[in-house]
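input06.cif (mmCIF, N, CA and C atoms) appears below.
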data_work
#
loop_
_atom_site.label_atom_id
_atom_site.label_comp_id
_atom_site.auth_asym_id
_atom_site.auth_seq_id
_atom_site.Cartn_x
_atom_site.Cartn_y
_atom_site.Cartn_z
N MET A 1 21.87 -16.68 19.33
CA MET A 1 22.89 -17.56 18.81
C MET A 1 22.62 -17.88 17.35
N MET A 2 21.35 -18.08 17.03
CA MET A 2 21.01 -18.41 15.66
C MET A 2 21.28 -17.21 14.75
N TYR A 3 21.03 -16.00 15.25
CA TYR A 3 21.30 -14.80 14.47
C TYR A 3 22.80 -14.70 14.16
N ARG A 4 23.63 -15.01 15.14
CA ARG A 4 25.08 -14.93 14.95
C ARG A 4 25.53 -15.93 13.88
N SER A 5 24.98 -17.14 13.92
CA SER A 5 25.34 -18.15 12.92
C SER A 5 24.91 -17.71 11.52
N PHE A 6 23.71 -17.12 11.43
CA PHE A 6 23.23 -16.65 10.14
C PHE A 6 24.10 -15.52 9.62
N ALA A 7 24.52 -14.61 10.48
CA ALA A 7 25.37 -13.49 10.06
C ALA A 7 26.72 -13.99 9.56
N ILE A 8 27.30 -14.95 10.25
CA ILE A 8 28.60 -15.49 9.83
C ILE A 8 28.46 -16.20 8.48
N ALA A 9 27.39 -16.98 8.33
CA ALA A 9 27.19 -17.70 7.07
C ALA A 9 26.98 -16.72 5.92
N THR A 10 26.29 -15.63 6.18
CA THR A 10 26.06 -14.62 5.13
C THR A 10 27.37 -13.96 4.73
N LEU A 11 28.19 -13.61 5.71
CA LEU A 11 29.46 -12.95 5.41
C LEU A 11 30.42 -13.86 4.65
N VAL A 12 30.32 -15.17 4.87
CA VAL A 12 31.19 -16.11 4.17
C VAL A 12 30.63 -16.43 2.78
N ALA A 13 29.31 -16.60 2.69
CA ALA A 13 28.71 -17.05 1.44
C ALA A 13 28.60 -15.93 0.40
N ALA A 14 28.43 -14.68 0.82
CA ALA A 14 28.22 -13.60 -0.14
C ALA A 14 29.42 -13.43 -1.09
N PRO A 15 30.66 -13.35 -0.59
CA PRO A 15 31.78 -13.23 -1.54
C PRO A 15 31.94 -14.45 -2.45
N VAL A 16 31.61 -15.63 -1.94
CA VAL A 16 31.71 -16.84 -2.76
C VAL A 16 30.70 -16.77 -3.90
N ILE A 17 29.50 -16.30 -3.62
CA ILE A 17 28.48 -16.19 -4.65
C ILE A 17 28.89 -15.16 -5.69
N VAL A 18 29.45 -14.04 -5.25
CA VAL A 18 29.88 -12.99 -6.18
C VAL A 18 30.99 -13.52 -7.10
N MET A 19 31.95 -14.23 -6.53
CA MET A 19 33.04 -14.77 -7.36
C MET A 19 32.52 -15.80 -8.36
N ALA A 20 31.56 -16.61 -7.95
CA ALA A 20 31.00 -17.61 -8.86
C ALA A 20 30.25 -16.95 -10.00
N VAL A 21 29.50 -15.91 -9.72
CA VAL A 21 28.76 -15.22 -10.77
C VAL A 21 29.72 -14.54 -11.73
N GLN A 22 30.80 -13.95 -11.23
CA GLN A 22 31.77 -13.28 -12.09
C GLN A 22 32.46 -14.27 -13.04
N ASN A 23 32.60 -15.51 -12.62
CA ASN A 23 33.22 -16.51 -13.48
C ASN A 23 32.31 -16.87 -14.66
N PHE A 24 30.99 -16.81 -14.49
CA PHE A 24 30.08 -17.21 -15.54
C PHE A 24 29.69 -16.07 -16.47
N LEU A 25 29.82 -14.81 -16.02
CA LEU A 25 29.45 -13.68 -16.86
C LEU A 25 30.57 -13.40 -17.87
N PRO A 26 30.22 -12.95 -19.07
CA PRO A 26 31.27 -12.64 -20.04
C PRO A 26 32.01 -11.37 -19.60
N ALA A 27 33.32 -11.38 -19.82
CA ALA A 27 34.16 -10.23 -19.46
C ALA A 27 34.00 -9.15 -20.52
N PRO A 28 34.03 -7.87 -20.14
CA PRO A 28 33.94 -6.81 -21.14
C PRO A 28 35.20 -6.80 -22.00
N PRO A 29 35.13 -6.31 -23.24
CA PRO A 29 36.32 -6.26 -24.10
C PRO A 29 37.40 -5.41 -23.45
N SER A 30 38.65 -5.86 -23.55
CA SER A 30 39.74 -5.16 -22.87
C SER A 30 40.07 -3.84 -23.54
N GLY A 31 39.79 -3.66 -24.82
CA GLY A 31 40.10 -2.43 -25.53
C GLY A 31 39.24 -1.26 -25.06
N VAL A 32 38.06 -1.53 -24.59
CA VAL A 32 37.15 -0.46 -24.15
C VAL A 32 37.65 0.16 -22.85
N GLN A 33 38.26 -0.61 -21.99
CA GLN A 33 38.69 -0.10 -20.70
C GLN A 33 39.93 0.79 -20.83
N ASP A 34 40.81 0.57 -21.83
CA ASP A 34 42.05 1.31 -21.93
C ASP A 34 41.88 2.66 -22.62
N GLN A 35 40.81 2.87 -23.37
CA GLN A 35 40.64 4.11 -24.11
C GLN A 35 40.13 5.21 -23.19
N PRO A 36 40.66 6.43 -23.35
CA PRO A 36 40.12 7.54 -22.56
C PRO A 36 38.76 7.94 -23.12
N PRO A 37 37.94 8.62 -22.35
CA PRO A 37 36.62 9.00 -22.85
C PRO A 37 36.76 10.00 -24.00
N ALA A 38 35.91 9.87 -24.98
CA ALA A 38 35.96 10.74 -26.15
C ALA A 38 35.49 12.14 -25.77
N THR A 39 36.19 13.16 -26.29
CA THR A 39 35.80 14.55 -26.04
C THR A 39 34.88 14.99 -27.15
N PRO A 40 33.91 15.81 -26.87
CA PRO A 40 32.99 16.25 -27.92
C PRO A 40 33.72 17.15 -28.92
N ALA A 41 33.48 16.94 -30.21
CA ALA A 41 34.14 17.70 -31.26
C ALA A 41 33.48 19.06 -31.46
N THR A 42 32.19 19.16 -31.16
CA THR A 42 31.48 20.42 -31.36
C THR A 42 31.16 21.03 -30.00
N PRO A 43 31.19 22.35 -29.89
CA PRO A 43 30.85 22.97 -28.62
C PRO A 43 29.35 22.81 -28.34
N ALA A 44 28.98 22.96 -27.09
CA ALA A 44 27.58 22.82 -26.70
C ALA A 44 26.77 23.96 -27.31
N PRO A 45 25.58 23.69 -27.78
CA PRO A 45 24.77 24.75 -28.39
C PRO A 45 24.33 25.76 -27.32
N ALA A 46 24.07 26.98 -27.75
CA ALA A 46 23.63 28.02 -26.84
C ALA A 46 22.22 27.71 -26.38
N PRO A 47 21.88 28.08 -25.15
CA PRO A 47 20.52 27.79 -24.66
C PRO A 47 19.49 28.59 -25.44
N LEU A 48 18.34 27.98 -25.65
CA LEU A 48 17.27 28.63 -26.39
C LEU A 48 16.47 29.53 -25.45
N VAL A 49 16.01 30.63 -25.96
CA VAL A 49 15.18 31.56 -25.18
C VAL A 49 13.73 31.31 -25.56
N ALA A 50 12.88 31.09 -24.57
CA ALA A 50 11.47 30.82 -24.83
C ALA A 50 10.75 32.11 -25.19
N PRO A 51 9.79 32.06 -26.10
CA PRO A 51 9.03 33.28 -26.43
C PRO A 51 8.14 33.68 -25.27
N ASN A 52 7.79 34.95 -25.21
CA ASN A 52 6.99 35.47 -24.10
C ASN A 52 5.51 35.18 -24.28
N ALA A 53 5.04 34.91 -25.48
CA ALA A 53 3.62 34.68 -25.71
C ALA A 53 3.23 33.31 -25.16
N ALA A 54 2.17 33.29 -24.32
CA ALA A 54 1.69 32.04 -23.75
C ALA A 54 0.69 31.41 -24.70
N PRO A 55 0.73 30.10 -24.87
CA PRO A 55 -0.23 29.45 -25.77
C PRO A 55 -1.64 29.53 -25.18
N ALA A 56 -2.63 29.58 -26.06
CA ALA A 56 -4.02 29.65 -25.62
C ALA A 56 -4.44 28.29 -25.07
N VAL A 57 -5.13 28.31 -23.93
CA VAL A 57 -5.59 27.08 -23.30
C VAL A 57 -7.05 26.89 -23.68
N PRO A 58 -7.39 25.75 -24.29
CA PRO A 58 -8.80 25.53 -24.65
C PRO A 58 -9.64 25.31 -23.40
N ALA A 59 -10.89 25.71 -23.47
CA ALA A 59 -11.81 25.54 -22.35
C ALA A 59 -12.10 24.05 -22.17
N PRO A 60 -12.18 23.57 -20.91
CA PRO A 60 -12.46 22.15 -20.70
C PRO A 60 -13.88 21.81 -21.12
N SER A 61 -14.02 20.67 -21.74
CA SER A 61 -15.34 20.24 -22.18
C SER A 61 -16.07 19.60 -21.01
N PRO A 62 -17.40 19.69 -20.98
CA PRO A 62 -18.14 19.07 -19.87
C PRO A 62 -18.04 17.55 -19.97
N PRO A 63 -18.07 16.86 -18.82
CA PRO A 63 -17.97 15.40 -18.87
C PRO A 63 -19.20 14.80 -19.50
N PRO A 64 -19.05 13.64 -20.13
CA PRO A 64 -20.20 12.97 -20.73
C PRO A 64 -21.23 12.62 -19.65
N THR A 65 -22.45 12.48 -20.04
CA THR A 65 -23.53 12.23 -19.07
C THR A 65 -23.53 10.79 -18.57
N ASP A 66 -22.84 9.87 -19.23
CA ASP A 66 -22.87 8.48 -18.78
C ASP A 66 -21.90 8.20 -17.64
N PHE A 67 -21.14 9.21 -17.19
CA PHE A 67 -20.23 9.03 -16.07
C PHE A 67 -20.97 9.25 -14.76
N ALA A 68 -20.43 8.70 -13.69
CA ALA A 68 -21.01 8.89 -12.36
C ALA A 68 -20.80 10.33 -11.92
N PRO A 69 -21.60 10.81 -10.99
CA PRO A 69 -21.40 12.18 -10.50
C PRO A 69 -20.04 12.30 -9.83
N PRO A 70 -19.48 13.49 -9.81
CA PRO A 70 -18.14 13.65 -9.24
C PRO A 70 -18.11 13.35 -7.74
N MET A 71 -16.96 12.99 -7.28
CA MET A 71 -16.78 12.68 -5.86
C MET A 71 -16.86 13.97 -5.06
N PRO A 72 -17.29 13.90 -3.81
CA PRO A 72 -17.34 15.12 -3.00
C PRO A 72 -15.94 15.62 -2.68
N ALA A 73 -15.86 16.88 -2.31
CA ALA A 73 -14.57 17.47 -1.99
C ALA A 73 -14.02 16.84 -0.71
N ALA A 74 -12.75 17.12 -0.45
CA ALA A 74 -12.09 16.55 0.73
C ALA A 74 -12.80 17.03 1.99
N GLY A 75 -13.03 16.12 2.90
CA GLY A 75 -13.66 16.45 4.17
C GLY A 75 -15.16 16.26 4.16
N GLU A 76 -15.78 16.12 3.00
CA GLU A 76 -17.22 15.90 2.92
C GLU A 76 -17.50 14.41 2.91
N PRO A 77 -18.60 13.98 3.52
CA PRO A 77 -18.89 12.54 3.54
C PRO A 77 -19.30 12.05 2.16
N LEU A 78 -19.04 10.80 1.92
CA LEU A 78 -19.43 10.17 0.66
C LEU A 78 -20.93 10.00 0.62
N PRO A 79 -21.51 9.96 -0.58
CA PRO A 79 -22.95 9.72 -0.65
C PRO A 79 -23.28 8.35 -0.09
N GLY A 80 -24.30 8.29 0.70
CA GLY A 80 -24.72 7.03 1.31
C GLY A 80 -23.93 6.67 2.55
N ALA A 81 -23.13 7.59 3.07
CA ALA A 81 -22.37 7.29 4.29
C ALA A 81 -23.36 7.16 5.44
N GLY A 82 -23.11 6.21 6.29
CA GLY A 82 -23.98 5.97 7.42
C GLY A 82 -25.08 4.97 7.13
N GLN A 83 -25.27 4.61 5.88
CA GLN A 83 -26.28 3.62 5.53
C GLN A 83 -25.64 2.23 5.64
N PRO A 84 -26.36 1.25 6.18
CA PRO A 84 -25.78 -0.09 6.25
C PRO A 84 -25.62 -0.69 4.86
N MET A 85 -24.52 -1.43 4.68
CA MET A 85 -24.29 -2.06 3.38
C MET A 85 -25.28 -3.20 3.17
N LEU A 86 -25.60 -3.93 4.23
CA LEU A 86 -26.57 -5.01 4.17
C LEU A 86 -27.65 -4.72 5.20
N SER A 87 -28.84 -5.04 4.86
CA SER A 87 -29.94 -4.88 5.81
C SER A 87 -30.73 -6.18 5.82
N PRO A 88 -31.50 -6.43 6.88
CA PRO A 88 -32.29 -7.67 6.92
C PRO A 88 -33.20 -7.78 5.71
N GLY A 89 -33.17 -8.94 5.10
CA GLY A 89 -33.97 -9.18 3.91
C GLY A 89 -33.20 -8.93 2.62
N GLN A 90 -32.01 -8.32 2.69
CA GLN A 90 -31.21 -8.06 1.50
C GLN A 90 -29.82 -8.68 1.65
N GLY A 91 -29.79 -9.93 2.05
CA GLY A 91 -28.53 -10.63 2.19
C GLY A 91 -28.13 -10.84 3.65
N LEU A 92 -28.74 -10.12 4.56
CA LEU A 92 -28.44 -10.26 5.98
C LEU A 92 -29.56 -11.06 6.63
N PRO A 93 -29.24 -12.08 7.43
CA PRO A 93 -30.31 -12.88 8.02
C PRO A 93 -31.11 -12.07 9.03
N GLN A 94 -32.34 -12.47 9.23
CA GLN A 94 -33.21 -11.81 10.20
C GLN A 94 -32.71 -12.10 11.61
N PRO A 95 -32.76 -11.12 12.51
CA PRO A 95 -32.33 -11.38 13.88
C PRO A 95 -33.32 -12.32 14.56
N PRO A 96 -32.83 -13.13 15.49
CA PRO A 96 -33.75 -14.05 16.18
C PRO A 96 -34.70 -13.25 17.08
N PRO A 97 -35.90 -13.76 17.23
CA PRO A 97 -36.83 -13.05 18.12
C PRO A 97 -36.36 -13.16 19.57
N SER A 98 -36.47 -12.06 20.29
CA SER A 98 -36.04 -12.07 21.69
C SER A 98 -37.25 -12.10 22.61
N THR A 99 -37.14 -12.82 23.71
CA THR A 99 -38.25 -12.95 24.64
C THR A 99 -38.32 -11.77 25.61
N ASN A 100 -37.20 -11.06 25.79
CA ASN A 100 -37.19 -9.96 26.75
C ASN A 100 -37.30 -8.60 26.07
N GLY A 101 -37.66 -8.54 24.82
CA GLY A 101 -37.85 -7.28 24.13
C GLY A 101 -36.56 -6.59 23.74
N GLY A 102 -35.44 -7.30 23.69
CA GLY A 102 -34.17 -6.71 23.28
C GLY A 102 -33.38 -6.13 24.42
N ALA A 103 -33.80 -6.33 25.66
CA ALA A 103 -33.07 -5.80 26.81
C ALA A 103 -31.84 -6.65 27.06
N ASN A 104 -30.87 -6.11 27.79
CA ASN A 104 -29.64 -6.80 28.12
C ASN A 104 -29.96 -7.97 29.05
N PRO A 105 -29.57 -9.20 28.70
CA PRO A 105 -29.89 -10.33 29.58
C PRO A 105 -29.09 -10.30 30.88
N TYR A 106 -28.02 -9.54 30.93
CA TYR A 106 -27.20 -9.47 32.14
C TYR A 106 -27.36 -8.12 32.81
N SER A 107 -28.58 -7.62 32.88
CA SER A 107 -28.79 -6.29 33.43
C SER A 107 -28.69 -6.25 34.94
N THR A 108 -28.77 -7.38 35.61
CA THR A 108 -28.60 -7.40 37.07
C THR A 108 -27.43 -8.29 37.42
N PRO A 109 -26.77 -8.04 38.54
CA PRO A 109 -25.63 -8.88 38.93
C PRO A 109 -25.99 -10.34 39.11
N GLN A 110 -27.23 -10.64 39.48
CA GLN A 110 -27.62 -12.04 39.68
C GLN A 110 -27.73 -12.78 38.35
N GLN A 111 -28.00 -12.08 37.27
CA GLN A 111 -28.15 -12.73 35.98
C GLN A 111 -26.82 -12.87 35.23
N ALA A 112 -25.78 -12.15 35.66
CA ALA A 112 -24.50 -12.21 34.97
C ALA A 112 -23.84 -13.56 35.18
N PRO A 113 -23.07 -14.07 34.22
CA PRO A 113 -22.43 -15.37 34.38
C PRO A 113 -21.34 -15.29 35.45
N PRO A 114 -21.05 -16.43 36.11
CA PRO A 114 -20.02 -16.43 37.13
C PRO A 114 -18.65 -16.05 36.53
N GLY A 115 -17.89 -15.27 37.26
CA GLY A 115 -16.58 -14.84 36.81
C GLY A 115 -16.63 -13.56 35.99
N SER A 116 -17.81 -13.09 35.66
CA SER A 116 -17.96 -11.86 34.89
C SER A 116 -17.72 -10.65 35.79
N PRO A 117 -17.19 -9.56 35.26
CA PRO A 117 -17.02 -8.38 36.09
C PRO A 117 -18.36 -7.82 36.56
N ASN A 118 -19.46 -8.18 35.87
CA ASN A 118 -20.77 -7.70 36.29
C ASN A 118 -21.37 -8.53 37.40
N ALA A 119 -20.80 -9.69 37.65
CA ALA A 119 -21.33 -10.56 38.70
C ALA A 119 -20.78 -10.07 40.05
N GLU A 120 -21.62 -9.40 40.80
CA GLU A 120 -21.21 -8.86 42.10
C GLU A 120 -21.98 -9.57 43.20
N PHE A 121 -21.35 -10.51 43.84
CA PHE A 121 -22.00 -11.23 44.94
C PHE A 121 -21.34 -10.87 46.24
#
Would you mind writing the structure in this file as structure tokens?
Amino acid sequence: MMYRSFAIATLVAAPVIVMAVQNFLPAPPSGVQDQPPATPATPAPAPLVAPNAAPAVPAPSPPPTDFAPPMPAAGEPLPGAGQPMLSPGQGLPQPPPSTNGGANPYSTPQQAPPGSPNAEF
């Protein structure tokens, strides 16, 4: 229902806005509209024929040494791919020490929290 009201309001308001804008814009001079388009007095020039000799292409210069090495080709991994962006001690906090040696605390159904899919009683 709200979409229908918005569509009706748009259809009514759009022509009103256009008419209001046309009233404020300056009208083009009337003499310009009555004149037919001017015909060219001179004929179009003949097309130019390009010479057959190809210009010499200079050899590309090597890149300066202060630039980074070029990016790898498409499909090749970027340098440093697979390396973590942060590691412990370099902006990443140290993991808390675990009492079970890093094993899953819910490795048995009895240790899983109630309502968990791993809790099988």
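Note that the spacing between atom N of Ala112 of chain A and atom N of Pro97 of chain A amounts to 21.1 Å.
Taking atom CA of Gln83 of chain A and atom CA of Pro70 of chain A as the two end points, the separation is 19.6 Å.
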- [ ] Between atom N of Tyr3 of chain A and atom N of Gln22 of chain A, measure the distance and give it in Å to one decimal.
- [x]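 These two atoms are separated by 28.3 Å.
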